[in-house]
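Visitor: Got a structure for you, written out below as structure tokens; questions coming shortly.
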Amino acid sequence: MEFVKITEQPSPYDGLDRMSAHDILHAINDQDRRVAEAVGRALPAIERLVEALSERMRRGGRLFYIGAGTSGRLGVLDASEIPPTFGMPPSVVIGIIAGGDRALRTPVEGAEDDTRQGWADLAAHGIGTSDTVVGIAASGTTPYVVEAVREARRRGILTAGVTSNPSSPLSMAAEIAIETVVGAEVVTGSSRMKSGTAQKMVCNMISTATMIALGRVKGSRMVNMQLSNRKLVDRGTRMIVEELGLPYAQAQTLLLVHGSVSAAIEKFRSEE
């Protein structure tokens, strides 16, 4: 099948510059409704990745997201949310963006076209066969990402590719192709829109489902979250109150002494 960049096809809306704010917003909203359906069609591939990734992480493996531009930023964002949400060390899920951390705020010219730097950035972390690499590229053609994924797979590392274009070079390079075909963007070629939304949804699914599989959630609760502000301390305290039936003050003391909801509950029950 011939590879066609759906992400570069013309917008279904002509004359955006002549439309009212009302019409523009409704057009964007109408297109955004289609994103969840596109992600839904990719669920079998996401499931396959989560199952394989969870198994590796139980053995001490790590997850690496790698991307450029918007795609890279979304990977870094998801990785950065794992420690506060699930209490995992920042070394477990790592986001890598072409051009380094400076590229999170300022585009780094030519970074995404470097065919060697992606693997070099992964290798700098001592990546090995117990780890997993998820390349993110809406176009599926970004050299920095495609070549990093291709080299990782060649070295026996589990790889996946998240893209909005079916049968792209990234899909061909990765062991698991996650294709969220969202269609043309409202602003032609602006893949930070529907494609970016789909990527955020996929990353949320990958990391959340994996953390649940690793036991970082009890019921539906973030029992290992970092207690980094009063809101989270209050949330954790109420979890302990509901689980153990303790007075609020006692539950809060227990939480602050032991540092997490799960540790506090485990310690209390071991001393009963």
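Ordered as shown in the structure tokens, chains take letters A, B, and onward, while each chain numbers its residues from 1 and ligands are numbered from 1 in the order shown.
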Tell me which protein, DNA and RNA residues are within 12 Å of Leu74 (chain A), counting only C-alpha atoms, leaving out same-chain ones fewer than 4 positions away, and put them as a PyMOL selection string.
Guide: chain A and resi 65-70+78-81+94-97+104+134-138+162+192+195-204
Visitor: What are the closest atom pairs, with distances in Å to one decimal, for each residue of region 33-57 of chain A lying within 8 Å of region 181-186 of chain A, using only C-alpha atoms, rows by chain and rising residue number, as JSON lines?
Guide:
```
{"residue": "A:Arg34", "atom": "CA", "partner": "A:Val182", "partner_atom": "CA", "distance": 6.7}
{"residue": "A:Val35", "atom": "CA", "partner": "A:Val182", "partner_atom": "CA", "distance": 5.7}
{"residue": "A:Ala38", "atom": "CA", "partner": "A:Val181", "partner_atom": "CA", "distance": 5.6}
{"residue": "A:Val39", "atom": "CA", "partner": "A:Val181", "partner_atom": "CA", "distance": 7.9}
```
Visitor: Considering only C-alpha atoms, tabulate each residue of region 196-256 of chain A that lies at most 12 Å from region 56-63 of chain A along with its nearest interatomic pair and the corresponding distance in Å to one decimal; arrange the rows by chain and ascending residue number and present them as CSV.
Guide:
```
residue,atom,partner,partner_atom,distance
A:Cys203,CA,A:Leu63,CA,11.2
A:Ile206,CA,A:Leu63,CA,9.9
A:Ser207,CA,A:Leu63,CA,8.9
A:Thr210,CA,A:Met57,CA,8.6
A:Met211,CA,A:Met57,CA,9.5
A:Ile212,CA,A:Arg58,CA,11.9
A:Ala213,CA,A:Arg58,CA,9.2
A:Leu214,CA,A:Arg58,CA,6.9
A:Gly215,CA,A:Arg58,CA,10.1
A:Arg216,CA,A:Arg58,CA,11.9
```
Visitor: Extract the full set of strand (DSSP E or B) residues from region 22-172 of chain A according to DSSP on the backbone, and format it as a list of chain:residue names.
Guide: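 Residues of region 22-172 of chain A classed as strand (DSSP E or B): A:Leu63, A:Phe64, A:Tyr65, A:Ile66, A:Gly67, A:Val93, A:Ile94, A:Gly95, A:Ile96, A:Ile97, A:Thr132, A:Val133, A:Val134, A:Gly135, A:Ile136, A:Leu158, A:Thr159, A:Ala160, A:Gly161, A:Val162, A:Thr163.
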Visitor: Looking at A:Gly110, A:Gly236, A:Gly100, A:Gly126, which one is nearest to Pro143 (chain A), with distances taken over only C-alpha atoms?
Guide: A:Gly110
Visitor: Would you list, as a PyMOL selection string, the residues of region 8-245 of chain A that end up in alpha helix (DSSP H) under DSSP run on this structure's backbone?
Guide: chain A and resi 21-41+43-58+69-86+117-123+143-154+169-173+194-213+230-244
Visitor: List as a ChimeraX atom specification the protein and nucleic acid residues near region 239-242 of chain A, meaning an atom at most 7 Å away when only C-alpha atoms are counted, but skip any in the same chain fewer than 3 places from it.
Guide: /A:235-236,245-248,251,261,265
Visitor: Could you save those same residues with N, CA and C atoms as an mmCIF file, in the first residue's frame?
Guide:
```
data_model
loop_
_atom_site.group_PDB
_atom_site.id
_atom_site.type_symbol
_atom_site.label_atom_id
_atom_site.label_comp_id
_atom_site.auth_asym_id
_atom_site.auth_seq_id
_atom_site.Cartn_x
_atom_site.Cartn_y
_atom_site.Cartn_z
ATOM 1 N N ARG A 235 -6.228 14.642 50.338
ATOM 2 C CA ARG A 235 -6.771 13.521 49.574
ATOM 3 C C ARG A 235 -6.300 12.202 50.164
ATOM 4 N N GLY A 236 -4.989 12.118 50.439
ATOM 5 C CA GLY A 236 -4.454 10.892 51.020
ATOM 6 C C GLY A 236 -5.028 10.586 52.386
ATOM 7 N N GLY A 245 -11.178 3.623 58.706
ATOM 8 C CA GLY A 245 -12.177 4.117 59.658
ATOM 9 C C GLY A 245 -11.584 4.907 60.801
ATOM 10 N N LEU A 246 -10.421 5.520 60.593
ATOM 11 C CA LEU A 246 -9.763 6.296 61.641
ATOM 12 C C LEU A 246 -10.265 7.730 61.659
ATOM 13 N N PRO A 247 -10.110 8.437 62.782
ATOM 14 C CA PRO A 247 -10.374 9.875 62.803
ATOM 15 C C PRO A 247 -9.425 10.590 61.842
ATOM 16 N N TYR A 248 -9.857 11.726 61.312
ATOM 17 C CA TYR A 248 -9.067 12.449 60.307
ATOM 18 C C TYR A 248 -7.665 12.781 60.824
ATOM 19 N N ALA A 251 -5.435 9.776 60.971
ATOM 20 C CA ALA A 251 -5.103 9.329 59.615
ATOM 21 C C ALA A 251 -4.045 10.222 58.990
ATOM 22 N N VAL A 261 -0.091 6.685 51.160
ATOM 23 C CA VAL A 261 -1.302 6.015 51.624
ATOM 24 C C VAL A 261 -1.053 4.524 51.777
ATOM 25 N N ILE A 265 -1.276 2.497 55.385
ATOM 26 C CA ILE A 265 -2.268 1.439 55.602
ATOM 27 C C ILE A 265 -1.581 0.122 55.947
#
```
Visitor: Which neighbours of Ala45 (chain A) fall inside 12 Å, counting only C-alpha atoms, when residues of the same chain fewer than 6 positions from it are skipped, and could you give them as a PyMOL selection string?
Guide: chain A and resi 39+51-52+159-162+171+174-180+202+205-206
Visitor: I need the residue nearest Thr208 (chain A) from this list: A:Thr188, A:Ser54, A:Gln31, A:Thr7. Use only C-alpha atoms for the distance.
Guide: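 Looking only at the distances to Thr208 (chain A), the closest residue turns out to be A:Ser54.
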Visitor: Please determine, counting only C-alpha atoms, which residue among A:Met225, A:Ala209, A:Ile127, A:Ala98 has the shortest atom-to-atom distance to Val76 (chain A).
Guide: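 Using only C-alpha atoms, Val76 (chain A) sits closest to A:Ala98.
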Visitor: Need the shell around Ala111 (chain A): protein/DNA/RNA residues with any atom at most 7 Å away, counting only C-alpha atoms. Skip same-chain ones fewer than 3 positions apart. Format as a list in words?
Guide: Ala98, Gly99, Val108 and Asp114 of chain A
Visitor: Hey, what's within 10 Å of Gly156 (chain A) if we count only C-alpha atoms and toss same-chain stuff fewer than 3 positions away? As a list in words, please?
Guide: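 Here the qualifying residues turn out to be Gly128, Thr129, Ser130, Asp131, Thr132, Glu151, Ala152, Arg153 and Thr159 of chain A.
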Visitor: For a quick check of understanding, using only C-alpha atoms, which of A:Glu37, A:Asp23, A:Asp121, A:Glu271 has the smallest distance to Asp101 (chain A)?
Guide: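 Nearest candidate to Asp101 (chain A) out of A:Glu37, A:Asp23, A:Asp121, A:Glu271: A:Asp121.
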Visitor: State, in Å with one decimal place, the distance from CA of Gln252 (chain A) to CA of Leu227 (chain A).
Guide: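 Going from CA of Gln252 (chain A) over to CA of Leu227 (chain A) covers 11.2 Å.
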Visitor: One decimal, in Å: what's the spacing between CA of Tyr13 (chain A) and CA of Ser164 (chain A)?
Guide: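 Result for CA of Tyr13 (chain A) versus CA of Ser164 (chain A): 19.4 Å, one decimal.
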Visitor: Considering only C-alpha atoms, can you say which of A:Gly118, A:Gly140, A:Pro12, A:Pro84 comes closest to Ser167 (chain A)?
Guide: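 Counting only C-alpha atoms, the residue closest to Ser167 (chain A) is A:Gly140.
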